[in-house]
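Peer 1: Handing you a structure now.
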Amino acid sequence: MAEWRSLEARALEGNAYLSPDFVLPFVRHVGLPGNDIRVIAVFDASARSPRLAVLGLFRDAPGDRRFPLAHLQAYANNHSYLTGLLVDAADADGALDAFFAFVTGHDTPWHGIRFDDWRADGPVGQAMLRAARRAGATWHGYEGFARAALVPARLTSESFDAALARVEGSSWRKKVGRMLERGEIGWRLLRGPECDRPSLDRFLSLEDRDWTRQAGSSLRASGQDRAFLEIFERFADDGRLFVTELLLRGEVIASTTNFISGPEGFAFKLGWSTAHKHLRPGILNELMFLRAAGQAFARLSCIDSGTQPGSFLERIWEERTSI
């Protein structure tokens with residue numbers, strides 16, 4: 001466990017969804033459909049004590065129409081928005097060569113590895129492609145899309161106004177501007193230990209809005225709130241959780257939860273009050289975050305939105321990553 005946490009902290013590329021603080025509470029409280037997780041770990045034995053250099057989580061998968069032979073599928077639960085590997089930044093190429101030498105061995109029971117929602121243009125993705133070629137493995141891309149992302153270092157004082165102008169509805173923009181001037185709308189950022197139980201309960205209540213509750217897709221309706229309370233608390237205790245809240249006359253009407261893993265941030269879930277939907281509180285909360293992110297998260301190289309194509313964040317966050 002100590003090695004896993006240490007690797008996440010010094011990884012070439014962060015991935016909150018491969019953190020032990022995300023994976024283990026989910027497995028403990030929700031369980032796994034089908035078979036267990038297979039862990040593939042590469043250790044660097046050159047130091048006095050072996051150090052974890054690569055960690056991948058997989059599940060055994062039968063053949064399907066795309067690949068009709070038994071293969072490994074990168075582990076993801078229904079709230080994981082990115083797969084891949086945790087790779088030590090100190091010697092990524094050497095560690096990945098060892099990983100691919102193992103997984104392409106003739107005595108392994110699988111005939112391929114499948115990664116869904118894998119970041120292709122990041123440093124780990126590029127290093128994996130190079131290592132696969134060196135190992136003689138053939139890499140096939142089935143499909144891909146551009147995901148909204150945020151680079152805090154590129155945000156300027158004009159970013160908020162530019163993003164606001166891209167949101168449809170001139171009357172809404174004017175109304176929001178007046179309410180901001182009068183102080184009716186407030187916003188706050190909670191970080192680490194500030195993300196206390198009341199703030200997490202507010203988020204869970206707002207995320208459990210009408211249609212998500214009826215569809216059984218909210219964390220509470222799906223019975224997964226206990227797992228995610230532990231996940232949130234683990235990340236908060238370590239200073240790697242942040243919550244944003246939009247307030248209307250002192251009442252919280254929108255909330256988001258977000259993770260930090262290594263040098264990167266990961267937007268996770270949002271919730272907002274349907275009673276105030278005319279204000280578009282989810283969009284407004286993200287706009288207010290955009291105004292603060294450049295200074296508050298200057299050390300983060302990127303914040304992954306975790307969204308699919310067509311998300312409203314594409315109008316607000318201008319950067320893109322290749323998934």
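Naming scheme: A, B, ... for chains in displayed order of the structure tokens; residues 1 onward per chain; ligands 1 onward as shown.
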Report as a list in words all protein, DNA and RNA residues lying within 9 Å of Thr256 (chain A), evaluated on only C-alpha atoms, omitting residues in the same chain fewer than 6 positions from it.
Peer 2: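 Non-adjacent residues within range: Phe203, Glu207, Phe242, Val243, Thr244, Glu245, Ala267, Phe268, Lys269, Leu270, Gly271, Trp272, Gly282, Asn285 and Glu286 of chain A.
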Peer 1: Could you pull out the alpha helix (DSSP H) residues of region 186-278 of chain A, going by DSSP on the backbone, and write them as a VMD selection string?
Peer 2: chain A and resid 197 to 207 210 to 215 225 to 237
Peer 1: Restrict the calculation to only C-alpha atoms, then for each residue of region 167-254 of chain A with any atom at most 10 Å from an atom of region 16-29 of chain A give the closest atom pair and their distance in Å to one decimal, rows by chain and rising residue number, as a tab-separated table.
Peer 2:
residue	atom	partner	partner_atom	distance
A:Gly223	CA	A:His29	CA	9.5
A:Gln224	CA	A:His29	CA	7.6
A:Asp225	CA	A:His29	CA	9.4
A:Arg226	CA	A:His29	CA	7.2
A:Ala227	CA	A:Phe26	CA	5.3
A:Phe228	CA	A:Phe26	CA	7.3
A:Leu229	CA	A:Pro25	CA	9.2
A:Glu230	CA	A:Pro25	CA	6.5
A:Ile231	CA	A:Phe22	CA	5.6
A:Phe232	CA	A:Phe22	CA	8.5
A:Glu233	CA	A:Asp21	CA	9.2
A:Arg234	CA	A:Asp21	CA	6.1
A:Phe235	CA	A:Asp21	CA	6.8
A:Asp238	CA	A:Asp21	CA	9.9
A:Arg240	CA	A:Ala16	CA	9.4
Peer 1: Any chance you can output those residues with C-alpha atoms as a short mmCIF file (atom, residue, chain, number, x, y, z; two decimals), in the first residue's frame?
Peer 2:
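This is the output file selection_29.cif:
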data_model
loop_
_atom_site.label_atom_id
_atom_site.label_comp_id
_atom_site.auth_asym_id
_atom_site.auth_seq_id
_atom_site.Cartn_x
_atom_site.Cartn_y
_atom_site.Cartn_z
CA GLY A 223 -26.36 2.75 -3.11
CA GLN A 224 -22.76 3.84 -3.68
CA ASP A 225 -22.75 6.90 -1.43
CA ARG A 226 -21.07 5.01 1.41
CA ALA A 227 -18.17 4.03 -0.83
CA PHE A 228 -17.74 7.56 -2.13
CA LEU A 229 -17.94 9.15 1.30
CA GLU A 230 -14.90 7.04 2.19
CA ILE A 231 -13.20 7.96 -1.10
CA PHE A 232 -13.86 11.66 -0.53
CA GLU A 233 -12.65 11.50 3.05
CA ARG A 234 -9.44 9.67 2.05
CA PHE A 235 -8.59 12.25 -0.58
CA ASP A 238 -4.46 13.83 2.19
CA ARG A 240 -6.19 15.93 -2.58
#
Peer 1: Please indicate the distance in Å from CA of Trp172 (chain A) to CA of Leu279 (chain A), rounded to one decimal place.
Peer 2: 7.4 Å
Peer 1: Show me, as an MDAnalysis selection string, the residues that have an atom within 7 Å of Asp60 (chain A) when counting only C-alpha atoms, minus same-chain residues fewer than 3 positions from it.
Peer 2: chainID A and resid 71:73
Peer 1: What separation in Å, quoted to one decimal, exists between CA of Gly144 (chain A) and CA of Ile323 (chain A)?
Peer 2: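 So the answer is 5.4 Å.
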Peer 1: Based on DSSP run over this structure's backbone, return all residues of region 99-288 of chain A in strand (DSSP E), as number ranges by chain.
Peer 2: A: 113-114, 146-150, 185-191, 241-248, 251-261, 264-272
Peer 1: Could you work out how far CA of Leu189 (chain A) lies from CA of Leu290 (chain A), giving the answer in Å with one decimal?
Peer 2: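 Taking CA of Leu290 (chain A) and CA of Leu189 (chain A), their separation equals 11.5 Å.
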Peer 1: If you count only C-alpha atoms, which residues fall within 8 Å of Arg59 (chain A), apart from same-chain ones fewer than 5 positions away, as a count of residues only?
Peer 2: 8
Peer 1: Residues within 10 Å of Ala41 (chain A), please, as number ranges by chain. Count only C-alpha atoms; anything in the same chain fewer than 2 positions from it doesn't count.
Peer 2: A: 4, 38-39, 43, 52-57, 85-86, 95, 98-99
Peer 1: Which neighbours of Phe160 (chain A) fall inside 10 Å, counting only C-alpha atoms, when residues of the same chain fewer than 4 positions from it are skipped, and could you give them as a list in words?
Peer 2: Leu155, Thr156, Leu164, Ala165, Glu286, Leu287, Met288, Phe289, Leu290, Arg291, Ala292 and Ile316 of chain A
Peer 1: Would you export the selected residues with all heavy atoms as a tab-separated table (two decimals), in the first residue's frame, please?
Peer 2:
chain	number	residue	atom	x	y	z
A	155	LEU	N	-4.80	30.25	-18.03
A	155	LEU	CA	-5.96	31.10	-17.74
A	155	LEU	C	-5.50	32.53	-17.47
A	155	LEU	O	-4.49	32.76	-16.83
A	155	LEU	CB	-6.72	30.57	-16.53
A	155	LEU	CG	-7.38	29.19	-16.71
A	155	LEU	CD1	-8.02	28.74	-15.40
A	155	LEU	CD2	-8.41	29.21	-17.82
A	156	THR	N	-6.27	33.47	-17.97
A	156	THR	CA	-5.98	34.89	-17.76
A	156	THR	C	-7.19	35.57	-17.13
A	156	THR	O	-8.24	34.94	-16.93
A	156	THR	CB	-5.64	35.58	-19.09
A	156	THR	OG1	-6.83	35.60	-19.92
A	156	THR	CG2	-4.52	34.83	-19.82
A	164	LEU	N	-17.99	33.11	-20.40
A	164	LEU	CA	-19.37	33.56	-20.17
A	164	LEU	C	-20.03	33.95	-21.48
A	164	LEU	O	-21.20	33.63	-21.72
A	164	LEU	CB	-19.37	34.74	-19.19
A	164	LEU	CG	-20.74	35.33	-18.82
A	164	LEU	CD1	-21.61	34.30	-18.12
A	164	LEU	CD2	-20.57	36.57	-17.94
A	165	ALA	N	-19.28	34.60	-22.37
A	165	ALA	CA	-19.84	35.04	-23.65
A	165	ALA	C	-20.20	33.86	-24.54
A	165	ALA	O	-21.06	33.98	-25.42
A	165	ALA	CB	-18.84	35.95	-24.36
A	286	GLU	N	-19.32	26.26	-12.63
A	286	GLU	CA	-18.10	26.00	-13.40
A	286	GLU	C	-17.46	27.29	-13.90
A	286	GLU	O	-16.23	27.40	-13.98
A	286	GLU	CB	-18.41	25.06	-14.57
A	286	GLU	CG	-18.84	23.66	-14.17
A	286	GLU	CD	-17.71	22.85	-13.52
A	286	GLU	OE1	-16.55	23.32	-13.51
A	286	GLU	OE2	-18.00	21.75	-13.02
A	287	LEU	N	-18.26	28.27	-14.24
A	287	LEU	CA	-17.72	29.55	-14.65
A	287	LEU	C	-16.97	30.24	-13.51
A	287	LEU	O	-15.89	30.79	-13.70
A	287	LEU	CB	-18.84	30.46	-15.16
A	287	LEU	CG	-19.39	30.15	-16.56
A	287	LEU	CD1	-20.71	30.87	-16.78
A	287	LEU	CD2	-18.38	30.53	-17.62
A	288	MET	N	-17.54	30.18	-12.33
A	288	MET	CA	-16.89	30.78	-11.16
A	288	MET	C	-15.58	30.05	-10.83
A	288	MET	O	-14.59	30.66	-10.43
A	288	MET	CB	-17.84	30.75	-9.97
A	288	MET	CG	-19.13	31.52	-10.18
A	288	MET	SD	-18.90	33.30	-10.39
A	288	MET	CE	-18.69	33.79	-8.67
A	289	PHE	N	-15.58	28.73	-11.02
A	289	PHE	CA	-14.35	27.96	-10.81
A	289	PHE	C	-13.28	28.40	-11.81
A	289	PHE	O	-12.11	28.55	-11.47
A	289	PHE	CB	-14.63	26.47	-10.96
A	289	PHE	CG	-13.39	25.62	-10.99
A	289	PHE	CD1	-12.58	25.51	-9.87
A	289	PHE	CD2	-13.03	24.95	-12.14
A	289	PHE	CE1	-11.43	24.73	-9.90
A	289	PHE	CE2	-11.88	24.16	-12.17
A	289	PHE	CZ	-11.08	24.06	-11.05
A	290	LEU	N	-13.69	28.61	-13.05
A	290	LEU	CA	-12.75	29.05	-14.08
A	290	LEU	C	-12.08	30.37	-13.68
A	290	LEU	O	-10.88	30.56	-13.92
A	290	LEU	CB	-13.51	29.23	-15.40
A	290	LEU	CG	-12.68	29.57	-16.63
A	290	LEU	CD1	-11.89	28.37	-17.10
A	290	LEU	CD2	-13.59	30.06	-17.76
A	291	ARG	N	-12.84	31.23	-13.05
A	291	ARG	CA	-12.29	32.53	-12.65
A	291	ARG	C	-11.24	32.39	-11.56
A	291	ARG	O	-10.30	33.19	-11.48
A	291	ARG	CB	-13.43	33.45	-12.17
A	291	ARG	CG	-13.00	34.85	-11.85
A	291	ARG	CD	-14.15	35.82	-11.87
A	291	ARG	NE	-15.11	35.60	-10.80
A	291	ARG	CZ	-16.13	36.41	-10.53
A	291	ARG	NH1	-16.32	37.48	-11.30
A	291	ARG	NH2	-16.96	36.16	-9.57
A	292	ALA	N	-11.35	31.34	-10.74
A	292	ALA	CA	-10.43	31.18	-9.61
A	292	ALA	C	-9.29	30.20	-9.87
A	292	ALA	O	-8.27	30.23	-9.19
A	292	ALA	CB	-11.21	30.71	-8.38
A	316	ILE	N	-17.04	25.94	-22.04
A	316	ILE	CA	-16.39	26.72	-20.99
A	316	ILE	C	-14.90	26.46	-20.92
A	316	ILE	O	-14.10	27.37	-20.77
A	316	ILE	CB	-17.07	26.42	-19.64
A	316	ILE	CG1	-18.56	26.78	-19.70
A	316	ILE	CG2	-16.38	27.17	-18.51
A	316	ILE	CD1	-19.34	26.36	-18.47
Peer 1: Counting only C-alpha atoms, figure out which residue out of A:Ile283, A:Leu32, A:Ala215, A:Leu12 gets nearest to Ser311 (chain A).
Peer 2: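 Residue with the minimum atom-to-atom distance to Ser311 (chain A): A:Ile283.
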Peer 1: Hey, what's within 12 Å of region 92-94 of chain A if we count only C-alpha atoms and toss same-chain stuff fewer than 4 positions away? As a ChimeraX atom specification, please?
Peer 2: /A:7,10-13,42-46,52-55,85-88,98-101,123-135
Peer 1: Output the selection as a CSV table (one decimal), in the first residue's frame - N, CA and C atoms for each residue.
Peer 2:
chain,number,residue,atom,x,y,z
A,7,LEU,N,4.0,5.6,-5.5
A,7,LEU,CA,4.1,5.6,-7.0
A,7,LEU,C,3.1,6.7,-7.5
A,10,ARG,N,4.5,10.2,-7.3
A,10,ARG,CA,5.7,10.6,-8.1
A,10,ARG,C,5.5,10.1,-9.6
A,11,ALA,N,4.3,9.7,-9.9
A,11,ALA,CA,4.1,9.2,-11.3
A,11,ALA,C,4.3,10.2,-12.4
A,12,LEU,N,4.7,9.7,-13.5
A,12,LEU,CA,4.9,10.6,-14.7
A,12,LEU,C,3.6,11.3,-15.0
A,13,GLU,N,2.5,10.7,-14.8
A,13,GLU,CA,1.2,11.3,-15.1
A,13,GLU,C,0.2,10.9,-14.0
A,42,VAL,N,5.5,-3.8,-11.7
A,42,VAL,CA,6.9,-3.8,-12.1
A,42,VAL,C,7.7,-3.1,-11.0
A,43,PHE,N,8.8,-3.8,-10.5
A,43,PHE,CA,9.6,-3.2,-9.5
A,43,PHE,C,11.0,-2.9,-10.0
A,44,ASP,N,11.5,-1.7,-9.6
A,44,ASP,CA,12.9,-1.4,-9.9
A,44,ASP,C,13.8,-1.9,-8.8
A,45,ALA,N,14.6,-2.9,-9.2
A,45,ALA,CA,15.4,-3.6,-8.2
A,45,ALA,C,16.9,-3.0,-8.1
A,46,SER,N,17.1,-1.9,-8.8
A,46,SER,CA,18.5,-1.4,-8.8
A,46,SER,C,18.9,-0.7,-7.5
A,52,LEU,N,8.4,0.2,-6.4
A,52,LEU,CA,7.4,0.0,-7.4
A,52,LEU,C,7.5,1.0,-8.6
A,53,ALA,N,7.6,0.6,-9.8
A,53,ALA,CA,7.8,1.4,-11.0
A,53,ALA,C,6.7,1.5,-11.9
A,54,VAL,N,5.8,0.5,-12.0
A,54,VAL,CA,4.6,0.4,-12.8
A,54,VAL,C,3.6,-0.3,-12.1
A,55,LEU,N,2.3,0.2,-12.1
A,55,LEU,CA,1.2,-0.6,-11.6
A,55,LEU,C,0.0,-0.5,-12.5
A,85,LEU,N,-1.9,3.3,-16.9
A,85,LEU,CA,-1.0,2.8,-15.9
A,85,LEU,C,-0.4,3.9,-15.1
A,86,LEU,N,0.0,3.5,-13.8
A,86,LEU,CA,0.8,4.4,-13.0
A,86,LEU,C,2.2,4.1,-13.3
A,87,VAL,N,3.0,5.1,-13.7
A,87,VAL,CA,4.4,4.8,-14.2
A,87,VAL,C,5.3,5.8,-13.5
A,88,ASP,N,6.4,5.3,-12.9
A,88,ASP,CA,7.4,6.1,-12.2
A,88,ASP,C,8.0,7.1,-13.2
A,98,ALA,N,9.9,-3.3,-19.3
A,98,ALA,CA,9.8,-4.5,-18.4
A,98,ALA,C,8.3,-4.9,-18.4
A,99,PHE,N,7.4,-3.9,-18.4
A,99,PHE,CA,5.9,-4.3,-18.4
A,99,PHE,C,5.6,-5.0,-19.7
A,100,PHE,N,5.9,-4.4,-20.8
A,100,PHE,CA,5.6,-5.0,-22.1
A,100,PHE,C,6.3,-6.3,-22.3
A,101,ALA,N,7.5,-6.5,-21.8
A,101,ALA,CA,8.2,-7.8,-21.9
A,101,ALA,C,7.4,-8.9,-21.2
A,123,PRO,N,1.9,12.1,-21.4
A,123,PRO,CA,3.3,11.5,-21.4
A,123,PRO,C,3.3,10.0,-21.2
A,124,VAL,N,2.4,9.4,-20.4
A,124,VAL,CA,2.3,8.0,-20.2
A,124,VAL,C,1.8,7.3,-21.5
A,125,GLY,N,0.8,7.9,-22.1
A,125,GLY,CA,0.2,7.3,-23.3
A,125,GLY,C,1.3,7.2,-24.4
A,126,GLN,N,2.0,8.3,-24.6
A,126,GLN,CA,3.1,8.3,-25.6
A,126,GLN,C,4.2,7.3,-25.3
A,127,ALA,N,4.6,7.2,-24.0
A,127,ALA,CA,5.6,6.3,-23.6
A,127,ALA,C,5.2,4.9,-23.8
A,128,MET,N,3.9,4.6,-23.6
A,128,MET,CA,3.3,3.2,-23.8
A,128,MET,C,3.4,2.9,-25.3
A,129,LEU,N,3.1,3.8,-26.1
A,129,LEU,CA,3.1,3.5,-27.6
A,129,LEU,C,4.5,3.2,-28.0
A,130,ARG,N,5.5,3.9,-27.5
A,130,ARG,CA,6.9,3.7,-27.9
A,130,ARG,C,7.3,2.3,-27.3
A,131,ALA,N,7.0,2.0,-26.1
A,131,ALA,CA,7.4,0.7,-25.5
A,131,ALA,C,6.7,-0.5,-26.2
A,132,ALA,N,5.5,-0.3,-26.6
A,132,ALA,CA,4.8,-1.3,-27.3
A,132,ALA,C,5.5,-1.6,-28.7
A,133,ARG,N,5.9,-0.6,-29.4
A,133,ARG,CA,6.6,-0.8,-30.6
A,133,ARG,C,7.9,-1.5,-30.4
A,134,ARG,N,8.6,-1.1,-29.3
A,134,ARG,CA,9.9,-1.8,-29.0
A,134,ARG,C,9.7,-3.2,-28.7
A,135,ALA,N,8.6,-3.6,-28.1
A,135,ALA,CA,8.3,-5.0,-27.7
A,135,ALA,C,7.7,-5.8,-28.9
Peer 1: So, counting only C-alpha atoms, which residue among A:Trp211, A:Leu219, A:Trp317, A:Pro309 is closest to Ala146 (chain A)?
Peer 2: A:Pro309
